[in-house]
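Source file: final38.cif (mmCIF, C-alpha atoms and all ligand atoms)
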data_input
loop_
_atom_site.label_atom_id
_atom_site.label_comp_id
_atom_site.auth_asym_id
_atom_site.auth_seq_id
_atom_site.Cartn_x
_atom_site.Cartn_y
_atom_site.Cartn_z
CA MET R 7 -5.21 11.06 -6.84
CA ILE R 8 -1.85 10.33 -5.22
CA PHE R 9 -1.07 10.36 -1.51
CA ALA R 10 2.72 10.18 -1.56
CA ILE R 11 5.74 9.94 -3.84
CA LYS R 12 8.74 8.55 -1.97
CA PRO R 13 12.23 8.46 -3.51
CA PHE R 14 15.06 6.12 -2.46
CA GLU R 15 12.84 3.20 -1.45
CA ILE R 16 14.66 -0.13 -1.19
CA HIS R 17 11.83 -2.48 -0.17
CA ASP R 18 9.56 -2.11 -3.19
CA GLY R 19 11.44 -4.16 -5.78
CA ASP R 20 14.99 -4.27 -7.16
CA GLY R 21 17.53 -1.49 -6.57
CA ILE R 22 16.72 2.08 -5.57
CA ARG R 23 13.17 2.97 -6.48
CA THR R 24 10.75 5.86 -6.37
CA THR R 25 7.41 4.64 -5.08
CA VAL R 26 4.21 6.38 -6.16
CA PHE R 27 1.30 5.75 -3.79
CA PHE R 28 -2.14 5.87 -5.42
CA LYS R 29 -5.23 6.50 -3.33
CA GLY R 30 -8.17 4.07 -3.31
CA CYS R 31 -8.32 0.36 -2.48
CA PRO R 32 -11.13 -2.21 -2.80
CA LEU R 33 -9.89 -4.19 0.24
CA ARG R 34 -10.05 -3.29 3.92
CA CYS R 35 -7.23 -5.34 5.44
CA LYS R 36 -7.54 -5.08 9.18
CA TRP R 37 -3.79 -4.51 9.58
CA CYS R 38 -3.45 -2.01 6.69
CA HIS R 39 -0.47 0.32 7.14
CA ASN R 40 -1.94 2.95 4.85
CA PRO R 41 -5.52 3.56 6.01
CA GLU R 42 -5.36 7.01 4.41
CA SER R 43 -5.36 5.17 1.07
CA PHE R 44 -8.79 3.53 1.42
CA THR R 45 -10.84 6.09 -0.50
CA VAL R 46 -9.98 8.00 -3.66
CA LYS R 47 -10.95 11.33 -2.13
CA LYS R 48 -8.78 13.68 -0.07
CA GLU R 49 -8.87 13.33 3.71
CA ILE R 50 -7.26 15.08 6.66
CA LEU R 51 -5.04 13.38 9.20
CA PHE R 52 -5.33 15.42 12.38
CA ASP R 53 -2.81 14.77 15.16
CA LYS R 54 -4.59 16.06 18.25
CA ALA R 55 -1.62 15.27 20.51
CA LEU R 56 0.49 17.96 18.79
CA CYS R 57 -2.05 20.78 19.20
CA LYS R 58 -0.81 23.83 21.17
CA ASN R 59 -4.27 25.48 21.25
CA CYS R 60 -2.97 28.58 19.51
CA LEU R 61 -6.41 28.82 17.83
CA ARG R 62 -4.97 30.19 14.55
CA CYS R 63 -7.00 27.64 12.61
CA VAL R 64 -10.35 28.62 14.13
CA ALA R 65 -10.90 31.48 11.69
CA LEU R 66 -10.34 29.23 8.68
CA CYS R 67 -13.47 27.09 8.62
CA SER R 68 -16.37 25.70 10.64
CA ALA R 69 -14.50 22.40 11.23
CA ASN R 70 -12.21 24.20 13.70
CA SER R 71 -13.70 25.89 16.76
CA GLU R 72 -12.81 26.89 20.29
CA GLN R 73 -14.41 25.65 23.47
CA SER R 74 -13.19 26.98 26.84
CA GLY R 75 -9.92 28.11 25.26
CA LYS R 76 -9.25 24.72 23.66
CA HIS R 77 -9.25 23.84 19.98
CA VAL R 78 -11.93 21.41 18.74
CA PHE R 79 -11.81 19.68 15.34
CA GLU R 80 -15.03 18.31 13.77
CA ARG R 81 -14.11 15.97 10.95
CA GLU R 82 -17.60 15.80 9.44
CA LYS R 83 -17.40 19.53 8.61
CA CYS R 84 -13.93 19.28 7.02
CA THR R 85 -13.66 19.58 3.22
CA ALA R 86 -9.94 18.67 3.20
CA CYS R 87 -9.09 21.99 1.54
CA GLY R 88 -5.66 21.93 3.25
CA LYS R 89 -5.56 25.60 4.35
CA CYS R 90 -4.91 24.60 7.97
CA GLU R 91 -1.92 22.47 6.95
CA GLU R 92 -0.25 25.67 5.75
CA ILE R 93 -0.84 27.75 8.88
CA CYS R 94 -0.72 25.33 11.84
CA PRO R 95 2.60 25.93 13.65
CA ALA R 96 2.46 22.53 15.37
CA GLY R 97 2.06 20.43 12.22
CA CYS R 98 -1.25 18.91 13.39
CA TYR R 99 -2.74 18.56 9.92
CA GLU R 100 -1.74 16.54 6.90
CA VAL R 101 -3.82 16.30 3.74
CA ALA R 102 -3.79 12.79 2.29
CA GLY R 103 -4.44 13.06 -1.42
CA LYS R 104 -3.25 15.28 -4.22
CA ASP R 105 -4.58 15.59 -7.76
CA MET R 106 -1.62 15.25 -10.10
CA SER R 107 -1.37 14.81 -13.84
CA ALA R 108 0.59 11.96 -15.42
CA GLU R 109 3.21 14.47 -16.58
CA GLU R 110 3.64 15.90 -13.06
CA ILE R 111 4.05 12.46 -11.51
CA ALA R 112 6.47 11.31 -14.23
CA SER R 113 8.62 14.41 -13.78
CA GLU R 114 8.87 13.71 -10.02
CA VAL R 115 10.00 10.16 -10.77
CA ILE R 116 12.50 11.23 -13.42
CA LYS R 117 14.33 13.44 -10.90
CA ASP R 118 16.02 10.31 -9.52
CA GLU R 119 16.51 8.51 -12.82
CA VAL R 120 20.31 8.38 -12.43
CA PHE R 121 20.15 6.60 -9.05
CA MET R 122 17.49 4.20 -10.29
CA LYS R 123 19.44 3.18 -13.35
CA LYS R 124 22.80 2.86 -11.56
CA SER R 125 21.26 0.61 -8.89
CA GLY R 126 19.11 -1.52 -11.21
CA GLY R 127 16.01 0.10 -9.71
CA GLY R 128 13.09 2.03 -11.15
CA VAL R 129 9.60 3.14 -10.22
CA THR R 130 7.06 1.19 -8.19
CA PHE R 131 3.37 2.02 -8.39
CA SER R 132 1.79 1.18 -5.06
CA GLY R 133 -1.00 2.36 -2.82
CA GLY R 134 -3.76 1.69 -1.97
CA GLU R 135 -4.42 -0.19 -5.15
CA PRO R 136 -2.72 1.53 -8.10
CA LEU R 137 -4.78 -0.33 -10.70
CA MET R 138 -7.95 1.37 -9.44
CA GLN R 139 -6.59 4.37 -11.40
CA VAL R 140 -5.30 2.32 -14.30
CA GLU R 141 -5.80 5.02 -16.95
CA LEU R 142 -3.56 7.44 -15.03
CA LEU R 143 -1.03 4.69 -14.34
CA VAL R 144 -0.79 3.80 -18.03
CA GLU R 145 -0.26 7.44 -18.99
CA ILE R 146 2.63 7.74 -16.50
CA ALA R 147 4.06 4.39 -17.62
CA LYS R 148 4.07 5.49 -21.28
CA ILE R 149 6.24 8.51 -20.39
CA LEU R 150 8.63 6.46 -18.22
CA LYS R 151 8.95 3.60 -20.73
CA LYS R 152 10.24 6.04 -23.35
CA ARG R 153 13.14 6.69 -20.93
CA ASP R 154 13.60 2.97 -20.33
CA ILE R 155 12.74 3.24 -16.62
CA ASN R 156 11.99 -0.11 -14.98
CA ILE R 157 8.36 -0.36 -13.80
CA ALA R 158 7.00 -2.47 -10.95
CA VAL R 159 3.35 -2.59 -9.88
CA ASP R 160 2.51 -3.49 -6.29
CA SER R 161 -1.10 -4.71 -6.37
CA CYS R 162 -3.61 -6.53 -4.18
CA VAL R 163 -4.97 -7.94 -7.49
CA ALA R 164 -8.61 -7.46 -6.45
CA ILE R 165 -9.21 -5.72 -9.75
CA SER R 166 -10.67 -6.52 -13.16
CA ARG R 167 -8.83 -8.58 -15.79
CA GLU R 168 -9.31 -5.64 -18.13
CA SER R 169 -7.18 -3.40 -15.84
CA ILE R 170 -4.42 -6.00 -15.76
CA ASP R 171 -4.46 -6.30 -19.55
CA LYS R 172 -4.13 -2.53 -19.92
CA VAL R 173 -1.02 -2.31 -17.77
CA ILE R 174 0.83 -5.51 -18.71
CA PRO R 175 2.66 -4.07 -21.76
CA TYR R 176 4.49 -1.61 -19.48
CA VAL R 177 5.27 -3.77 -16.43
CA ASN R 178 8.66 -5.36 -15.73
CA THR R 179 7.62 -6.95 -12.42
CA PHE R 180 4.42 -7.37 -10.46
CA LEU R 181 4.51 -7.39 -6.66
CA PHE R 182 1.33 -9.29 -5.76
CA ASP R 183 -0.10 -9.77 -2.27
CA ILE R 184 -1.63 -13.03 -1.12
CA LYS R 185 -3.25 -12.60 2.29
CA ALA R 186 -4.91 -16.05 2.43
CA ILE R 187 -5.85 -18.99 0.24
CA ASP R 188 -8.91 -20.00 2.27
CA GLU R 189 -11.77 -17.77 1.12
CA ASP R 190 -13.38 -17.42 4.56
CA VAL R 191 -10.07 -16.42 6.15
CA HIS R 192 -9.55 -13.89 3.37
CA ILE R 193 -13.01 -12.39 3.85
CA SER R 194 -12.54 -12.13 7.59
CA CYS R 195 -9.16 -10.39 7.11
CA THR R 196 -10.04 -8.06 4.22
CA GLY R 197 -13.83 -8.01 3.82
CA TYR R 198 -13.45 -9.36 0.26
CA SER R 199 -13.36 -12.76 -1.48
CA ASN R 200 -10.00 -13.90 -2.89
CA ARG R 201 -11.36 -15.87 -5.89
CA GLN R 202 -10.70 -13.10 -8.40
CA ILE R 203 -7.28 -12.40 -6.81
CA LEU R 204 -6.04 -15.99 -7.15
CA GLU R 205 -7.43 -16.28 -10.71
CA ASN R 206 -5.68 -13.04 -11.69
CA ILE R 207 -2.35 -14.26 -10.28
CA ARG R 208 -2.62 -17.53 -12.24
CA TYR R 209 -3.50 -15.53 -15.36
CA VAL R 210 -0.42 -13.26 -15.08
CA ASP R 211 1.74 -16.31 -14.38
CA LYS R 212 0.56 -17.93 -17.63
CA LEU R 213 1.53 -14.77 -19.52
CA GLY R 214 5.08 -15.10 -18.15
CA VAL R 215 5.40 -11.73 -16.42
CA PRO R 216 7.87 -11.97 -13.47
CA MET R 217 6.22 -11.72 -10.07
CA GLU R 218 7.25 -11.29 -6.46
CA ILE R 219 4.56 -12.66 -4.14
CA ARG R 220 4.14 -11.02 -0.74
CA TYR R 221 2.51 -12.73 2.19
CA PRO R 222 1.71 -10.38 5.10
CA TYR R 223 1.95 -12.63 8.16
CA VAL R 224 -0.44 -11.44 10.87
CA PRO R 225 -0.79 -13.56 14.04
CA GLU R 226 -4.39 -14.54 14.86
CA MET R 227 -5.52 -13.29 11.44
CA ASN R 228 -3.89 -15.30 8.63
CA ASP R 229 -1.14 -17.26 10.41
CA CYS R 230 -3.06 -20.47 9.62
CA GLU R 231 -2.36 -19.91 5.90
CA VAL R 232 1.42 -20.38 5.77
CA GLU R 233 1.42 -23.83 4.15
CA ALA R 234 -1.51 -23.10 1.83
CA VAL R 235 0.17 -19.93 0.51
CA ALA R 236 3.45 -21.81 -0.06
CA ARG R 237 1.64 -24.61 -1.94
CA PHE R 238 -0.22 -22.13 -4.14
CA VAL R 239 3.00 -20.26 -4.99
CA LYS R 240 4.85 -23.52 -5.70
CA GLU R 241 2.44 -24.22 -8.57
CA LEU R 242 3.32 -20.92 -10.28
CA LYS R 243 6.12 -20.73 -12.88
CA ASN R 244 7.17 -17.08 -12.84
CA VAL R 245 7.60 -16.21 -9.17
CA ARG R 246 11.06 -14.75 -8.48
CA CYS R 247 10.57 -14.84 -4.72
CA LEU R 248 8.04 -15.19 -1.95
CA ARG R 249 8.47 -12.45 0.63
CA VAL R 250 7.05 -12.78 4.14
CA LEU R 251 6.04 -9.40 5.56
CA ALA R 252 5.82 -9.60 9.33
CA TYR R 253 3.00 -7.60 10.88
CA HIS R 254 4.01 -4.48 12.82
CA ASN R 255 1.84 -1.87 14.47
CA TYR R 256 3.59 1.33 13.35
CA ALA R 257 0.42 2.51 11.61
CA GLU R 258 -1.67 2.70 14.77
CA ARG R 259 -1.09 6.45 15.07
CA LYS R 260 -2.47 7.02 11.56
CA TYR R 261 -5.77 5.44 12.62
CA GLU R 262 -5.89 7.83 15.60
CA CYS R 263 -5.26 10.77 13.27
CA LEU R 264 -8.11 9.60 11.01
CA GLU R 265 -10.32 8.96 14.06
CA ARG R 266 -10.88 5.35 13.07
CA PRO R 267 -10.61 2.31 15.35
CA TYR R 268 -7.42 0.27 14.83
CA PRO R 269 -8.87 -3.22 14.20
CA VAL R 270 -5.77 -5.18 15.26
CA ALA R 271 -4.86 -3.19 18.37
CA ASP R 272 -4.81 -6.39 20.46
CA ILE R 273 -2.45 -8.29 18.17
CA THR R 274 1.22 -8.52 19.19
CA PRO R 275 3.74 -8.36 16.33
CA PRO R 276 5.52 -11.71 15.85
CA GLU R 277 8.97 -12.37 17.32
CA LYS R 278 11.93 -13.05 15.02
CA ASP R 279 11.85 -16.78 15.89
CA GLU R 280 8.22 -17.08 14.80
CA ILE R 281 8.90 -15.43 11.46
CA GLU R 282 11.99 -17.56 10.83
CA LYS R 283 9.83 -20.63 11.46
CA VAL R 284 7.35 -19.40 8.84
CA VAL R 285 10.18 -19.08 6.31
CA ARG R 286 11.48 -22.59 7.17
CA THR R 287 7.99 -24.07 6.78
CA MET R 288 7.61 -22.50 3.36
CA LYS R 289 11.05 -23.68 2.25
CA ASN R 290 10.26 -27.22 3.46
CA ILE R 291 7.30 -27.25 1.09
CA GLY R 292 9.77 -26.86 -1.76
CA LEU R 293 10.10 -23.13 -2.32
CA GLU R 294 13.72 -22.07 -2.72
CA ASN R 295 13.46 -18.31 -2.63
CA VAL R 296 11.55 -17.32 0.50
CA MET R 297 12.69 -14.01 1.98
CA LEU R 298 11.91 -11.59 4.80
S1 LIG C 301 -3.44 25.89 14.41
FE1 LIG C 301 -2.72 23.87 15.03
S2 LIG C 301 -1.84 24.14 17.06
FE2 LIG C 301 -3.13 25.92 16.64
S3 LIG C 301 -5.11 25.36 17.51
FE3 LIG C 301 -5.18 24.82 15.36
S4 LIG C 301 -4.56 22.65 15.38
FE4 LIG C 301 -3.96 23.51 17.35
S1 LIG C 302 -8.70 21.04 5.66
FE1 LIG C 302 -9.85 22.95 5.28
S2 LIG C 302 -11.92 22.42 5.97
FE2 LIG C 302 -10.56 20.89 6.88
S3 LIG C 302 -10.02 21.65 8.87
FE3 LIG C 302 -8.44 22.37 7.46
S4 LIG C 302 -9.09 24.40 6.79
FE4 LIG C 302 -10.87 23.40 7.70
S1 LIG C 303 -4.61 -4.21 -0.05
FE1 LIG C 303 -2.96 -3.02 0.86
S2 LIG C 303 -3.64 -0.89 0.76
FE2 LIG C 303 -5.44 -2.18 0.43
S3 LIG C 303 -6.35 -2.38 2.45
FE3 LIG C 303 -5.01 -4.15 2.13
S4 LIG C 303 -3.04 -3.57 3.01
FE4 LIG C 303 -4.25 -1.67 2.75
#
Is it possible to express this structure as structure tokens?
Ligand code: SF4
Ligand code: SF4
Ligand code: SF4
Amino acid sequence: MIFAIKPFEIHDGDGIRTTVFFKGCPLRCKWCHNPESFTVKKEILFDKALCKNCLRCVALCSANSEQSGKHVFEREKCTACGKCEEICPAGCYEVAGKDMSAEEIASEVIKDEVFMKKSGGGVTFSGGEPLMQVELLVEIAKILKKRDINIAVDSCVAISRESIDKVIPYVNTFLFDIKAIDEDVHISCTGYSNRQILENIRYVDKLGVPMEIRYPYVPEMNDCEVEAVARFVKELKNVRCLRVLAYHNYAERKYECLERPYPVADITPPEKDEIEKVVRTMKNIGLENVML
């Protein structure tokens, strides 16, 4: 179950990459930019603001109806069949989630093989949490490895050791998130303990697989963790860089389209000065390669 395949990505590892977004994630980060990835089942994003009340969709299913000449959408009756996405002239609907085989996904990735190889790029498996569908991921990776395509896995690491072991033979680089070192802070930000996450990162480090660590910096949520994250990363041997990802609120509209509250609506994205100070603090702790 995939919710997007995006070619020509330049922020998901080295070079030009195709990023495959898997659906399903065990965490619930309050600032998540991809809330449509939370569950492994299909869902509809419905953008009410675009609706022209043409009422074409009303005949399709009981989730769409008309009241006083206006269109009404009832999410609880929607089966995410996607028929409305095809007929709505205003583009109100988007189905998040598509069942694809390993062969279908690999052939999408291979379309841009030339650009990937010329730029030192490859494929990045992201999400959601791609290792929640580790069997599918391994099948895709087997096909791509035969073509010598570089593979990165972007993971929140809140997954079993067994899943990591299954994927390691195919991975060139892991992109691992650390949201907080303090367990209580982590639980309040994501709803989940970080003990397994930190143990898994240490485990991969001991195996010598190159890692990029990503720290999403969110004011009022995990901004107290800057030094602790830097100290944790400093102890690791195979980290190529620590990347600070500054919080932004571009995803707010997606929450509206999913009819979910946006948990960090009151948080203001950090200014450039604040983020540069975070980077300086981390470098002062002894980390050479801290990037934005
Ligand atoms: S088809 Fe689209 S624009 Fe027309 S009523 Fe339905 S949601 Fe609105
Ligand atoms: S996805 Fe299917 S069930 Fe849901 S609103 Fe559209 S047509 Fe109706
Ligand atoms: S780990 Fe990533 S995909 Fe999962 S909830 Fe957090 S930010 Fe979203």
Neighbour list for segment 261-273 of chain R as a short mmCIF file (atom, residue, chain, number, x, y, z; two decimals) with C-alpha atoms, in the frame of the given file, cut-off 6 Å, all atoms listed in the file, skip fewer than 2 positions in-chain:
data_model
loop_
_atom_site.label_atom_id
_atom_site.label_comp_id
_atom_site.auth_asym_id
_atom_site.auth_seq_id
_atom_site.Cartn_x
_atom_site.Cartn_y
_atom_site.Cartn_z
CA LYS R 36 -7.54 -5.08 9.18
CA LEU R 51 -5.04 13.38 9.20
CA PHE R 52 -5.33 15.42 12.38
CA ASP R 53 -2.81 14.77 15.16
CA GLU R 258 -1.67 2.70 14.77
CA ARG R 259 -1.09 6.45 15.07
#
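Minimum atom-to-atom distances from R:Glu189, R:Glu114, R:Glu119, R:Glu49 to Glu82 of chain R were compared using only C-alpha atoms, and the lowest value belongs to R:Glu49.
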Item to complete: Find the residues near ligand LIG 302 (chain C). Use a cut-off of 6 Å, count all atoms listed in the file, and write them as a PyMOL selection string.
Response: chain R and resi 66-67+69-70+84-90
Worksheet item: Quick one, how far is atom S2 of ligand LIG 303 (chain C) from atom CA of Leu143 of chain R?
Response: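 So the answer is 16.3 Å.
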Practice prompt. Enumerate as an MDAnalysis selection string the residues within 10 Å of ligand LIG 301 (chain C), counting all atoms listed in the file.
Written response: chainID R and resid 52:66 70:72 75:79 90:99
For segment 77-98 of chain R, supply N, CA and C atoms and format the output as a compact mmCIF listing (two decimals), in the coordinates of the input.
# COMPACT_ATOMS: atom_id res chain seq x y z
N HIS R 77 -8.87 24.08 21.37
CA HIS R 77 -9.25 23.84 19.98
C HIS R 77 -10.06 22.54 19.84
N VAL R 78 -11.12 22.61 19.01
CA VAL R 78 -11.93 21.41 18.74
C VAL R 78 -12.01 21.22 17.22
N PHE R 79 -11.74 20.00 16.77
CA PHE R 79 -11.81 19.68 15.34
C PHE R 79 -13.02 18.77 15.09
N GLU R 80 -13.86 19.14 14.11
CA GLU R 80 -15.03 18.31 13.77
C GLU R 80 -14.85 17.81 12.33
N ARG R 81 -14.47 16.56 12.24
CA ARG R 81 -14.11 15.97 10.95
C ARG R 81 -15.24 16.05 9.93
N GLU R 82 -16.47 15.84 10.39
CA GLU R 82 -17.60 15.80 9.44
C GLU R 82 -17.81 17.13 8.72
N LYS R 83 -17.26 18.22 9.27
CA LYS R 83 -17.40 19.53 8.61
C LYS R 83 -16.20 19.86 7.73
N CYS R 84 -15.19 19.01 7.75
CA CYS R 84 -13.93 19.28 7.02
C CYS R 84 -14.06 18.92 5.54
N THR R 85 -13.63 19.83 4.67
CA THR R 85 -13.66 19.58 3.22
C THR R 85 -12.27 19.19 2.68
N ALA R 86 -11.31 19.03 3.58
CA ALA R 86 -9.94 18.67 3.20
C ALA R 86 -9.31 19.67 2.23
N CYS R 87 -9.65 20.96 2.43
CA CYS R 87 -9.09 21.99 1.54
C CYS R 87 -7.59 22.19 1.77
N GLY R 88 -7.11 21.88 2.96
CA GLY R 88 -5.66 21.93 3.25
C GLY R 88 -5.15 23.26 3.75
N LYS R 89 -6.04 24.27 3.91
CA LYS R 89 -5.56 25.60 4.35
C LYS R 89 -4.90 25.52 5.73
N CYS R 90 -5.45 24.70 6.61
CA CYS R 90 -4.91 24.60 7.97
C CYS R 90 -3.51 23.97 7.98
N GLU R 91 -3.25 23.10 7.04
CA GLU R 91 -1.92 22.47 6.95
C GLU R 91 -0.85 23.55 6.77
N GLU R 92 -1.22 24.60 6.03
CA GLU R 92 -0.25 25.67 5.75
C GLU R 92 -0.01 26.58 6.95
N ILE R 93 -1.02 26.75 7.82
CA ILE R 93 -0.84 27.75 8.88
C ILE R 93 -0.59 27.16 10.29
N CYS R 94 -0.86 25.89 10.50
CA CYS R 94 -0.72 25.33 11.84
C CYS R 94 0.76 25.26 12.24
N PRO R 95 1.18 25.94 13.29
CA PRO R 95 2.60 25.93 13.65
C PRO R 95 3.06 24.61 14.26
N ALA R 96 2.10 23.79 14.69
CA ALA R 96 2.46 22.53 15.37
C ALA R 96 2.46 21.33 14.42
N GLY R 97 2.08 21.55 13.18
CA GLY R 97 2.06 20.43 12.22
C GLY R 97 0.98 19.40 12.52
N CYS R 98 -0.17 19.86 13.02
CA CYS R 98 -1.25 18.91 13.39
C CYS R 98 -1.94 18.29 12.18
